[in-house]
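Data file: my_file.pdb. Format and content: PDB, C-alpha atoms, pLDDT in the B column.
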```
ATOM      1  CA  MET Y1196     101.580  80.502 128.349  1.00 64.00           C
ATOM      2  CA  ASN Y1197      99.137  81.664 125.679  1.00 75.00           C
ATOM      3  CA  LYS Y1198     101.428  84.602 124.844  1.00 81.00           C
ATOM      4  CA  VAL Y1199     104.409  82.251 124.399  1.00 82.00           C
ATOM      5  CA  LYS Y1200     102.351  80.100 122.054  1.00 81.00           C
ATOM      6  CA  TRP Y1201     101.457  83.103 119.861  1.00 85.00           C
ATOM      7  CA  ILE Y1202     105.082  84.317 119.839  1.00 88.00           C
ATOM      8  CA  PHE Y1203     106.182  80.838 118.701  1.00 86.00           C
ATOM      9  CA  ARG Y1204     103.554  80.818 115.948  1.00 84.00           C
ATOM     10  CA  GLY Y1205     104.586  84.312 114.869  1.00 89.00           C
ATOM     11  CA  VAL Y1206     108.245  83.302 114.603  1.00 92.00           C
ATOM     12  CA  LEU Y1207     107.316  80.222 112.542  1.00 89.00           C
ATOM     13  CA  ALA Y1208     105.138  82.355 110.254  1.00 88.00           C
ATOM     14  CA  LEU Y1209     107.954  84.900 109.805  1.00 93.00           C
ATOM     15  CA  ILE Y1210     110.433  82.147 108.914  1.00 93.00           C
ATOM     16  CA  LEU Y1211     107.987  80.707 106.372  1.00 91.00           C
ATOM     17  CA  VAL Y1212     107.402  84.139 104.795  1.00 91.00           C
ATOM     18  CA  LEU Y1213     111.168  84.749 104.507  1.00 93.00           C
ATOM     19  CA  ILE Y1214     111.714  81.331 102.904  1.00 92.00           C
ATOM     20  CA  LEU Y1215     108.934  81.951 100.382  1.00 93.00           C
ATOM     21  CA  TRP Y1216     110.146  85.496  99.687  1.00 93.00           C
ATOM     22  CA  TYR Y1217     113.641  84.205  98.947  1.00 94.00           C
ATOM     23  CA  THR Y1218     112.644  81.056  97.052  1.00 94.00           C
ATOM     24  CA  LEU Y1219     109.630  81.945  94.897  1.00 95.00           C
ATOM     25  CA  PRO Y1220     110.310  83.412  91.441  1.00 95.00           C
ATOM     26  CA  GLN Y1221     110.294  87.201  91.129  1.00 96.00           C
ATOM     27  CA  HIS Y1222     110.126  89.251  87.931  1.00 96.00           C
ATOM     28  CA  ASP Y1223     111.930  92.502  87.116  1.00 96.00           C
ATOM     29  CA  VAL Y1224     111.498  94.560  83.941  1.00 97.00           C
ATOM     30  CA  VAL Y1225     114.922  96.066  83.221  1.00 97.00           C
ATOM     31  CA  ARG Y1226     117.473  96.919  80.536  1.00 97.00           C
ATOM     32  CA  VAL Y1227     120.603  94.766  80.500  1.00 97.00           C
ATOM     33  CA  THR Y1228     123.692  96.993  80.589  1.00 96.00           C
ATOM     34  CA  GLU Y1229     126.522  94.492  81.001  1.00 95.00           C
ATOM     35  CA  VAL Y1230     127.265  90.769  81.219  1.00 95.00           C
ATOM     36  CA  TYR Y1231     130.552  89.543  82.658  1.00 93.00           C
ATOM     37  CA  ASN Y1232     132.382  86.970  84.752  1.00 90.00           C
ATOM     38  CA  ARG Y1233     134.118  87.860  87.999  1.00 85.00           C
ATOM     39  CA  ILE Y1234     136.128  86.054  90.641  1.00 78.00           C
ATOM     40  CA  THR Y1235     133.933  86.402  93.733  1.00 75.00           C
ATOM     41  CA  THR Y1236     134.858  85.603  97.300  1.00 71.00           C
ATOM     42  CA  VAL Y1237     132.267  83.281  98.833  1.00 76.00           C
ATOM     43  CA  SER Y1238     132.726  83.317 102.593  1.00 71.00           C
ATOM     44  CA  TRP Y1239     130.951  81.691 105.520  1.00 67.00           C
ATOM     45  CA  ALA Y1240     128.718  84.788 105.811  1.00 67.00           C
ATOM     46  CA  ASN Y1241     127.150  84.475 102.347  1.00 69.00           C
ATOM     47  CA  SER Y1242     127.910  80.929 101.143  1.00 71.00           C
ATOM     48  CA  MET Y1243     124.356  79.735 101.842  1.00 70.00           C
ATOM     49  CA  PHE Y1244     123.094  82.191  99.196  1.00 73.00           C
ATOM     50  CA  TYR Y1245     125.295  80.745  96.422  1.00 75.00           C
ATOM     51  CA  ALA Y1246     125.085  77.499  94.509  1.00 73.00           C
ATOM     52  CA  SER Y1247     127.628  74.765  95.189  1.00 64.00           C
ATOM     53  CA  PRO Y1248     130.792  75.169  93.075  1.00 62.00           C
ATOM     54  CA  ASP Y1249     130.173  71.938  91.160  1.00 53.00           C
ATOM     55  CA  SER Y1250     126.866  73.279  89.770  1.00 54.00           C
ATOM     56  CA  GLY Y1251     128.431  75.174  86.862  1.00 53.00           C
ATOM     57  CA  THR Y1252     130.972  77.514  88.456  1.00 56.00           C
ATOM     58  CA  ALA Y1253     134.726  77.158  88.827  1.00 53.00           C
ATOM     59  CA  GLU Y1254     136.361  77.658  92.221  1.00 54.00           C
ATOM     60  CA  THR Y1255     139.913  78.869  92.836  1.00 56.00           C
ATOM     61  CA  THR Y1256     141.936  79.529  95.961  1.00 51.00           C
ATOM     62  CA  ASN Y1257     140.933  83.218  95.792  1.00 54.00           C
ATOM     63  CA  GLY Y1258     137.228  82.770  95.136  1.00 71.00           C
ATOM     64  CA  ARG Y1259     134.761  81.506  92.603  1.00 77.00           C
ATOM     65  CA  ASP Y1260     134.332  82.476  88.955  1.00 80.00           C
ATOM     66  CA  ILE Y1261     130.689  83.536  88.680  1.00 89.00           C
ATOM     67  CA  ARG Y1262     128.676  84.984  85.803  1.00 93.00           C
ATOM     68  CA  PHE Y1263     126.895  88.288  86.455  1.00 95.00           C
ATOM     69  CA  ILE Y1264     124.286  90.375  84.647  1.00 97.00           C
ATOM     70  CA  SER Y1265     124.029  94.107  85.342  1.00 97.00           C
ATOM     71  CA  ALA Y1266     120.737  95.868  84.637  1.00 97.00           C
ATOM     72  CA  VAL Y1267     118.920  99.150  85.165  1.00 97.00           C
ATOM     73  CA  PHE Y1268     115.256  99.850  85.974  1.00 96.00           C
ATOM     74  CA  GLN Y1269     113.126 102.509  84.321  1.00 94.00           C
ATOM     75  CA  ASP Y1270     113.649 104.864  87.288  1.00 95.00           C
ATOM     76  CA  GLY Y1271     117.433 104.607  86.939  1.00 94.00           C
ATOM     77  CA  SER Y1272     118.076 102.310  89.889  1.00 96.00           C
ATOM     78  CA  VAL Y1273     120.393  99.401  89.174  1.00 96.00           C
ATOM     79  CA  MET Y1274     120.376  95.690  89.883  1.00 97.00           C
ATOM     80  CA  VAL Y1275     123.023  92.998  89.640  1.00 96.00           C
ATOM     81  CA  TYR Y1276     122.030  89.361  89.102  1.00 97.00           C
ATOM     82  CA  ARG Y1277     124.296  86.374  89.363  1.00 94.00           C
ATOM     83  CA  ASN Y1278     123.871  83.597  86.829  1.00 94.00           C
ATOM     84  CA  GLU Y1279     124.584  80.231  88.462  1.00 92.00           C
ATOM     85  CA  ASP Y1280     123.320  76.735  87.822  1.00 90.00           C
ATOM     86  CA  THR Y1281     121.296  75.503  90.772  1.00 87.00           C
ATOM     87  CA  GLY Y1282     121.678  71.816  89.969  1.00 80.00           C
ATOM     88  CA  TRP Y1283     119.721  69.633  92.371  1.00 81.00           C
ATOM     89  CA  ILE Y1284     120.197  71.869  95.401  1.00 80.00           C
ATOM     90  CA  TRP Y1285     117.611  74.157  97.015  1.00 81.00           C
ATOM     91  CA  PRO Y1286     115.674  75.949  95.649  1.00 86.00           C
ATOM     92  CA  PRO Y1287     114.496  73.304  93.169  1.00 87.00           C
ATOM     93  CA  TYR Y1288     114.795  75.203  89.870  1.00 90.00           C
ATOM     94  CA  PHE Y1289     117.019  72.470  88.337  1.00 89.00           C
ATOM     95  CA  LYS Y1290     118.868  75.101  86.326  1.00 90.00           C
ATOM     96  CA  TYR Y1291     121.709  73.808  84.133  1.00 89.00           C
ATOM     97  CA  ASP Y1292     121.775  76.417  81.342  1.00 88.00           C
ATOM     98  CA  SER Y1293     123.657  79.349  82.857  1.00 90.00           C
ATOM     99  CA  SER Y1294     125.950  79.539  79.793  1.00 90.00           C
ATOM    100  CA  ASN Y1295     122.960  79.779  77.465  1.00 94.00           C
ATOM    101  CA  LEU Y1296     121.314  82.349  79.715  1.00 95.00           C
ATOM    102  CA  GLN Y1297     124.464  84.448  79.650  1.00 95.00           C
ATOM    103  CA  ALA Y1298     124.427  84.354  75.846  1.00 95.00           C
ATOM    104  CA  VAL Y1299     120.750  85.403  75.779  1.00 95.00           C
ATOM    105  CA  ALA Y1300     121.444  88.260  78.184  1.00 96.00           C
ATOM    106  CA  SER Y1301     124.368  89.396  76.011  1.00 95.00           C
ATOM    107  CA  SER Y1302     122.181  89.396  72.890  1.00 95.00           C
ATOM    108  CA  LEU Y1303     119.535  91.513  74.653  1.00 95.00           C
ATOM    109  CA  LYS Y1304     121.993  94.081  76.000  1.00 93.00           C
ATOM    110  CA  GLY Y1305     121.255  97.691  75.094  1.00 89.00           C
ATOM    111  CA  ASP Y1306     117.972  99.544  74.705  1.00 91.00           C
ATOM    112  CA  LYS Y1307     115.737  96.467  74.793  1.00 94.00           C
ATOM    113  CA  TRP Y1308     113.452  95.952  77.778  1.00 96.00           C
ATOM    114  CA  VAL Y1309     113.578  92.463  79.223  1.00 97.00           C
ATOM    115  CA  MET Y1310     111.921  90.580  82.048  1.00 97.00           C
ATOM    116  CA  VAL Y1311     114.397  88.842  84.336  1.00 97.00           C
ATOM    117  CA  THR Y1312     112.940  85.969  86.332  1.00 97.00           C
ATOM    118  CA  HIS Y1313     115.006  85.361  89.440  1.00 97.00           C
ATOM    119  CA  TYR Y1314     114.969  84.241  93.043  1.00 96.00           C
ATOM    120  CA  GLY Y1315     116.846  85.596  96.044  1.00 94.00           C
ATOM    121  CA  TRP Y1316     117.708  88.967  97.537  1.00 94.00           C
ATOM    122  CA  ARG Y1317     120.128  91.792  96.795  1.00 93.00           C
ATOM    123  CA  ILE Y1318     122.185  92.596  99.904  1.00 91.00           C
ATOM    124  CA  PRO Y1319     125.252  94.648  98.868  1.00 89.00           C
ATOM    125  CA  LEU Y1320     126.786  94.559 102.357  1.00 87.00           C
ATOM    126  CA  LEU Y1321     127.168  90.767 102.153  1.00 85.00           C
ATOM    127  CA  SER Y1322     127.729  90.647  98.351  1.00 85.00           C
ATOM    128  CA  ILE Y1323     124.483  88.716  97.937  1.00 90.00           C
ATOM    129  CA  THR Y1324     122.761  88.935  94.560  1.00 94.00           C
ATOM    130  CA  PRO Y1325     119.610  87.252  93.216  1.00 96.00           C
ATOM    131  CA  ASN Y1326     120.117  84.340  90.818  1.00 96.00           C
ATOM    132  CA  ALA Y1327     118.660  84.886  87.330  1.00 96.00           C
ATOM    133  CA  ILE Y1328     116.583  81.950  86.085  1.00 95.00           C
ATOM    134  CA  ALA Y1329     115.273  83.251  82.750  1.00 95.00           C
ATOM    135  CA  ILE Y1330     115.413  86.346  80.564  1.00 97.00           C
ATOM    136  CA  ARG Y1331     113.084  87.319  77.746  1.00 95.00           C
ATOM    137  CA  GLU Y1332     112.328  90.458  75.806  1.00 96.00           C
ATOM    138  CA  VAL Y1333     109.104  92.333  76.639  1.00 96.00           C
ATOM    139  CA  SER Y1334     107.136  95.136  75.022  1.00 92.00           C
ATOM    140  CA  GLY Y1335     108.368  97.940  77.247  1.00 92.00           C
ATOM    141  CA  PRO Y1336     109.094  99.196  80.769  1.00 93.00           C
ATOM    142  CA  ASP Y1337     105.384  99.153  81.676  1.00 92.00           C
ATOM    143  CA  TYR Y1338     105.032  95.425  81.013  1.00 94.00           C
ATOM    144  CA  THR Y1339     103.398  93.617  83.929  1.00 89.00           C
ATOM    145  CA  TYR Y1340     103.413  89.932  84.764  1.00 90.00           C
ATOM    146  CA  PHE Y1341     100.812  88.129  86.864  1.00 90.00           C
ATOM    147  CA  PRO Y1342     102.564  85.764  89.325  1.00 91.00           C
ATOM    148  CA  TRP Y1343     100.140  82.862  88.876  1.00 93.00           C
ATOM    149  CA  LEU Y1344     102.747  80.234  89.819  1.00 90.00           C
ATOM    150  CA  ASN Y1345     103.467  81.948  93.143  1.00 92.00           C
ATOM    151  CA  LEU Y1346      99.749  82.115  93.940  1.00 93.00           C
ATOM    152  CA  VAL Y1347      99.273  78.418  93.131  1.00 93.00           C
ATOM    153  CA  ILE Y1348     102.241  77.417  95.322  1.00 91.00           C
ATOM    154  CA  ILE Y1349     101.062  79.596  98.223  1.00 92.00           C
ATOM    155  CA  ALA Y1350      97.501  78.246  97.909  1.00 93.00           C
ATOM    156  CA  LEU Y1351      98.769  74.647  97.938  1.00 93.00           C
ATOM    157  CA  LEU Y1352     101.002  75.402 100.906  1.00 90.00           C
ATOM    158  CA  LEU Y1353      98.139  76.981 102.860  1.00 90.00           C
ATOM    159  CA  GLY Y1354      95.958  73.982 102.035  1.00 93.00           C
ATOM    160  CA  LEU Y1355      98.690  71.653 103.296  1.00 92.00           C
ATOM    161  CA  ILE Y1356      99.075  73.671 106.514  1.00 88.00           C
ATOM    162  CA  PHE Y1357      95.319  73.576 107.224  1.00 89.00           C
ATOM    163  CA  TRP Y1358      95.201  69.837 106.423  1.00 91.00           C
ATOM    164  CA  VAL Y1359      98.112  69.070 108.769  1.00 90.00           C
ATOM    165  CA  ARG Y1360      96.508  71.227 111.484  1.00 84.00           C
ATOM    166  CA  ALA Y1361      93.172  69.409 111.113  1.00 86.00           C
ATOM    167  CA  MET Y1362      94.912  66.021 111.287  1.00 86.00           C
ATOM    168  CA  TRP Y1363      96.864  67.129 114.372  1.00 82.00           C
ATOM    169  CA  LEU Y1364      93.720  68.350 116.153  1.00 81.00           C
ATOM    170  CA  GLN Y1365      91.951  65.103 115.283  1.00 82.00           C
ATOM    171  CA  PHE Y1366      94.894  63.069 116.591  1.00 78.00           C
ATOM    172  CA  TRP Y1367      94.980  65.146 119.770  1.00 74.00           C
ATOM    173  CA  GLU Y1368      91.234  64.713 120.318  1.00 77.00           C
ATOM    174  CA  ARG Y1369      91.251  60.958 119.690  1.00 78.00           C
ATOM    175  CA  MET Y1370      94.514  59.934 121.304  1.00 76.00           C
ATOM    176  CA  VAL Y1371      96.024  62.562 123.608  1.00 69.00           C
ATOM    177  CA  ASP Y1372      92.906  63.909 125.339  1.00 70.00           C
ATOM    178  CA  PRO Y1373      91.612  60.437 126.364  1.00 75.00           C
ATOM    179  CA  ALA Y1374      95.088  59.449 127.572  1.00 72.00           C
ATOM    180  CA  MET Y1375      95.404  62.645 129.618  1.00 75.00           C
ATOM    181  CA  ALA Y1376      91.917  62.076 131.027  1.00 72.00           C
ATOM    182  CA  GLU Y1377      92.920  58.569 132.096  1.00 71.00           C
ATOM    183  CA  VAL Y1378      96.094  59.887 133.717  1.00 72.00           C
ATOM    184  CA  GLN Y1379      94.089  62.560 135.515  1.00 73.00           C
ATOM    185  CA  GLU Y1380      91.571  59.972 136.691  1.00 70.00           C
ATOM    186  CA  ALA Y1381      94.346  57.660 137.916  1.00 64.00           C
ATOM    187  CA  GLY Y1382      95.941  60.581 139.752  1.00 65.00           C
ATOM    188  CA  ASP Y1383      92.645  61.457 141.393  1.00 64.00           C
ATOM    189  CA  ARG Y1384      92.196  57.859 142.522  1.00 67.00           C
ATOM    190  CA  THR Y1385      95.745  57.741 143.902  1.00 68.00           C
ATOM    191  CA  ARG Y1386      95.296  60.999 145.809  1.00 66.00           C
ATOM    192  CA  GLY Y1387      91.987  59.772 147.194  1.00 61.00           C
ATOM    193  CA  TRP Y1388      93.613  56.530 148.335  1.00 60.00           C
ATOM    194  CA  PHE Y1389      96.420  58.421 150.121  1.00 60.00           C
ATOM    195  CA  ARG Y1390      93.901  60.769 151.785  1.00 67.00           C
ATOM    196  CA  ARG Y1391      91.913  57.803 153.113  1.00 63.00           C
ATOM    197  CA  LEU Y1392      95.108  56.090 154.255  1.00 61.00           C
ATOM    198  CA  PHE Y1393      96.342  59.088 156.281  1.00 64.00           C
ATOM    199  CA  ARG Y1394      92.920  59.696 157.822  1.00 62.00           C
ATOM    200  CA  ARG Y1395      93.161  56.301 159.442  1.00 56.00           C
TER     201      ARG Y1395
END
```
Any chance you could put this one into structure tokens?
Amino acid sequence: MNKVKWIFRGVLALILVLILWYTLPQHDVVRVTEVYNRITTVSWANSMFYASPDSGTAETTNGRDIRFISAVFQDGSVMVYRNEDTGWIWPPYFKYDSSNLQAVASSLKGDKWVMVTHYGWRIPLLSITPNAIAIREVSGPDYTYFPWLNLVIIALLLGLIFWVRAMWLQFWERMVDPAMAEVQEAGDRTRGWFRRLFRR
């Protein structure tokens, strides 16, 4: 039973880590090589990783017209970002300026080093790309950014988890344990009554 409990906790922790990994802002220092629009097929397998079509993208019978930003890292590896409004859906970035962001990315294309703030994963097999949230020029490829917002969110989340756990333990101690003790005591009395009855 104890092993099952730890497996359950481990699965919950893994799910929480994956949600945070996908949702929290990430920062890449890259060079923008191309900005473009493309009709992209959004199927049942990857639709949960895209914004809804009414959040700034047009949808046709063949797919959805989505803005993309191609970039390259200092080591030569490449990355493709999509540029979609998030609207009021999850995650709560409330992004409505994808057209402006596309214009900024176009103006920074070339030899300039930029920091792309984004969320999401890049999974080529499922045509999943991270969604760019902001782009700004930086001093060079060695520019580093301290993720203070991520640390604050994680600290608040951990505080909330410990608070909820403390409240749950207090509730269990004050309400559940006494009730279970009363049930156990009533059961003991009932068993004792039946034992005395059958002895007669």
Would you list the residues near (129.5, 93.6, 100.9) (no more than 12 Å away, in the coordinates of the file, using all atoms listed in the file) as JSON, numbers by chain?
{"Y": [1235, 1236, 1237, 1238, 1240, 1241, 1317, 1318, 1319, 1320, 1321, 1322, 1323, 1324]}
Export C-alpha atoms of the chosen residues as a PDB file, in the frame of the given file?
```pdb
ATOM      1  CA  THR Y1235     133.933  86.402  93.733  1.00 75.00           C
ATOM      2  CA  THR Y1236     134.858  85.603  97.300  1.00 71.00           C
ATOM      3  CA  VAL Y1237     132.267  83.281  98.833  1.00 76.00           C
ATOM      4  CA  SER Y1238     132.726  83.317 102.593  1.00 71.00           C
ATOM      5  CA  ALA Y1240     128.718  84.788 105.811  1.00 67.00           C
ATOM      6  CA  ASN Y1241     127.150  84.475 102.347  1.00 69.00           C
ATOM      7  CA  ARG Y1317     120.128  91.792  96.795  1.00 93.00           C
ATOM      8  CA  ILE Y1318     122.185  92.596  99.904  1.00 91.00           C
ATOM      9  CA  PRO Y1319     125.252  94.648  98.868  1.00 89.00           C
ATOM     10  CA  LEU Y1320     126.786  94.559 102.357  1.00 87.00           C
ATOM     11  CA  LEU Y1321     127.168  90.767 102.153  1.00 85.00           C
ATOM     12  CA  SER Y1322     127.729  90.647  98.351  1.00 85.00           C
ATOM     13  CA  ILE Y1323     124.483  88.716  97.937  1.00 90.00           C
ATOM     14  CA  THR Y1324     122.761  88.935  94.560  1.00 94.00           C
TER      15      THR Y1324
END
```
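Nearest residue to Pro1325 of chain Y among Y:Glu1279, Y:Asp1270, Y:Asp1260, Y:Asp1372 is Y:Glu1279, counting only C-alpha atoms.
For the residues Y:Val1225, Y:Ala1361, Y:Val1378, Y:Leu1353, ranking by smallest atom-to-atom distance to Val1311 of chain Y using all atoms listed in the file places Y:Val1225 first.
Shortest separation to Ala1300 of chain Y among Y:Gly1271, Y:Trp1363, Y:Ile1261, Y:Val1230 occurs at residue Y:Val1230, atoms counted being all atoms listed in the file.
Nearest residue to Pro1287 of chain Y, choosing from Y:Leu1209, Y:Thr1218, Y:Arg1204, Y:Trp1316 and counting only C-alpha atoms: Y:Thr1218.
For the pair atom CA of Asp1280 of chain Y and atom CA of Lys1307 of chain Y, the interatomic distance is 24.8 Å.
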Padding 8 Å on each side, edges along x, y and z: where is the centre of the box around the listed atoms of segment 1223-1239 of chain Y, and how long are its edges in Å to one decimal? Output it as lines of an AutoDock Vina configuration file.
```
center_x = 123.8
center_y = 89.3
center_z = 93.0
size_x = 40.6
size_y = 31.3
size_z = 41.0
```
Could you tell me how far atom CA of Tyr1231 of chain Y lies from atom CA of Ser1301 of chain Y, in Å and to one decimal?
9.1 Å
Work out how far atom CA of Thr1312 of chain Y is from atom CA of Ala1329 of chain Y, in Å to one decimal.
5.1 Å
Please list as an mmCIF file with C-alpha atoms, in the frame of the given file every residue within 6 Å of Val1309 of chain Y, counting only C-alpha atoms and excluding residues in the same chain fewer than 4 positions away.
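around17.cif was written with the following content:
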```cif
data_model
loop_
_atom_site.group_PDB
_atom_site.id
_atom_site.type_symbol
_atom_site.label_atom_id
_atom_site.label_comp_id
_atom_site.auth_asym_id
_atom_site.auth_seq_id
_atom_site.Cartn_x
_atom_site.Cartn_y
_atom_site.Cartn_z
ATOM 1 C CA VAL Y 1224 111.498 94.560 83.941
ATOM 2 C CA VAL Y 1225 114.922 96.066 83.221
ATOM 3 C CA ARG Y 1331 113.084 87.319 77.746
ATOM 4 C CA GLU Y 1332 112.328 90.458 75.806
ATOM 5 C CA VAL Y 1333 109.104 92.333 76.639
#
```
Which polymer residues have any atom within 12 Å of an atom of Ile1330 of chain Y, counting all atoms listed in the file, with same-chain residues fewer than 5 positions away left out, as a PyMOL selection string?
chain Y and resi 1221-1227+1264+1266+1276+1278+1292-1293+1295-1304+1307-1313
Reconstructed segment 1260-1280 of chain Y, atom set N, CA, C and O atoms, as an mmCIF file, keeping the file's coordinate frame:
```
data_model
loop_
_atom_site.group_PDB
_atom_site.id
_atom_site.type_symbol
_atom_site.label_atom_id
_atom_site.label_comp_id
_atom_site.auth_asym_id
_atom_site.auth_seq_id
_atom_site.Cartn_x
_atom_site.Cartn_y
_atom_site.Cartn_z
ATOM 1 N N ASP Y 1260 134.619 81.775 90.199
ATOM 2 C CA ASP Y 1260 134.332 82.476 88.955
ATOM 3 C C ASP Y 1260 132.834 82.385 88.687
ATOM 4 O O ASP Y 1260 132.320 81.308 88.396
ATOM 5 N N ILE Y 1261 132.146 83.510 88.790
ATOM 6 C CA ILE Y 1261 130.689 83.536 88.680
ATOM 7 C C ILE Y 1261 130.266 84.495 87.581
ATOM 8 O O ILE Y 1261 130.855 85.565 87.406
ATOM 9 N N ARG Y 1262 129.238 84.117 86.836
ATOM 10 C CA ARG Y 1262 128.676 84.984 85.803
ATOM 11 C C ARG Y 1262 127.735 86.001 86.448
ATOM 12 O O ARG Y 1262 126.954 85.652 87.331
ATOM 13 N N PHE Y 1263 127.767 87.234 85.948
ATOM 14 C CA PHE Y 1263 126.895 88.288 86.455
ATOM 15 C C PHE Y 1263 126.219 89.010 85.303
ATOM 16 O O PHE Y 1263 126.741 89.054 84.185
ATOM 17 N N ILE Y 1264 125.054 89.577 85.603
ATOM 18 C CA ILE Y 1264 124.286 90.375 84.647
ATOM 19 C C ILE Y 1264 123.915 91.678 85.339
ATOM 20 O O ILE Y 1264 123.224 91.659 86.360
ATOM 21 N N SER Y 1265 124.378 92.791 84.792
ATOM 22 C CA SER Y 1265 124.029 94.107 85.342
ATOM 23 C C SER Y 1265 122.838 94.660 84.566
ATOM 24 O O SER Y 1265 122.743 94.488 83.342
ATOM 25 N N ALA Y 1266 121.943 95.353 85.275
ATOM 26 C CA ALA Y 1266 120.737 95.868 84.637
ATOM 27 C C ALA Y 1266 120.317 97.170 85.310
ATOM 28 O O ALA Y 1266 120.792 97.512 86.395
ATOM 29 N N VAL Y 1267 119.417 97.885 84.634
ATOM 30 C CA VAL Y 1267 118.920 99.150 85.165
ATOM 31 C C VAL Y 1267 117.402 99.182 85.000
ATOM 32 O O VAL Y 1267 116.865 98.737 83.985
ATOM 33 N N PHE Y 1268 116.708 99.697 86.026
ATOM 34 C CA PHE Y 1268 115.256 99.850 85.974
ATOM 35 C C PHE Y 1268 114.896 101.144 85.262
ATOM 36 O O PHE Y 1268 115.748 101.994 84.978
ATOM 37 N N GLN Y 1269 113.608 101.310 85.000
ATOM 38 C CA GLN Y 1269 113.126 102.509 84.321
ATOM 39 C C GLN Y 1269 113.440 103.774 85.120
ATOM 40 O O GLN Y 1269 113.734 104.826 84.546
ATOM 41 N N ASP Y 1270 113.405 103.681 86.451
ATOM 42 C CA ASP Y 1270 113.649 104.864 87.288
ATOM 43 C C ASP Y 1270 115.138 105.161 87.479
ATOM 44 O O ASP Y 1270 115.505 106.087 88.204
ATOM 45 N N GLY Y 1271 116.002 104.369 86.852
ATOM 46 C CA GLY Y 1271 117.433 104.607 86.939
ATOM 47 C C GLY Y 1271 118.151 103.799 87.993
ATOM 48 O O GLY Y 1271 119.388 103.785 88.015
ATOM 49 N N SER Y 1272 117.434 103.162 88.884
ATOM 50 C CA SER Y 1272 118.076 102.310 89.889
ATOM 51 C C SER Y 1272 118.647 101.060 89.219
ATOM 52 O O SER Y 1272 118.139 100.607 88.186
ATOM 53 N N VAL Y 1273 119.685 100.513 89.810
ATOM 54 C CA VAL Y 1273 120.393 99.401 89.174
ATOM 55 C C VAL Y 1273 120.186 98.110 89.957
ATOM 56 O O VAL Y 1273 119.810 98.116 91.130
ATOM 57 N N MET Y 1274 120.468 97.010 89.280
ATOM 58 C CA MET Y 1274 120.376 95.690 89.883
ATOM 59 C C MET Y 1274 121.458 94.814 89.282
ATOM 60 O O MET Y 1274 121.777 94.930 88.087
ATOM 61 N N VAL Y 1275 122.032 93.968 90.100
ATOM 62 C CA VAL Y 1275 123.023 92.998 89.640
ATOM 63 C C VAL Y 1275 122.488 91.605 89.950
ATOM 64 O O VAL Y 1275 122.088 91.323 91.087
ATOM 65 N N TYR Y 1276 122.461 90.752 88.941
ATOM 66 C CA TYR Y 1276 122.030 89.361 89.102
ATOM 67 C C TYR Y 1276 123.239 88.455 88.908
ATOM 68 O O TYR Y 1276 124.095 88.715 88.064
ATOM 69 N N ARG Y 1277 123.320 87.405 89.676
ATOM 70 C CA ARG Y 1277 124.296 86.374 89.363
ATOM 71 C C ARG Y 1277 123.618 85.344 88.466
ATOM 72 O O ARG Y 1277 122.385 85.252 88.425
ATOM 73 N N ASN Y 1278 124.412 84.579 87.763
ATOM 74 C CA ASN Y 1278 123.871 83.597 86.829
ATOM 75 C C ASN Y 1278 124.569 82.268 87.107
ATOM 76 O O ASN Y 1278 125.579 81.940 86.505
ATOM 77 N N GLU Y 1279 124.011 81.515 88.053
ATOM 78 C CA GLU Y 1279 124.584 80.231 88.462
ATOM 79 C C GLU Y 1279 123.594 79.097 88.221
ATOM 80 O O GLU Y 1279 122.378 79.269 88.380
ATOM 81 N N ASP Y 1280 124.142 77.940 87.840
ATOM 82 C CA ASP Y 1280 123.320 76.735 87.822
ATOM 83 C C ASP Y 1280 122.940 76.373 89.249
ATOM 84 O O ASP Y 1280 123.756 76.487 90.163
#
```
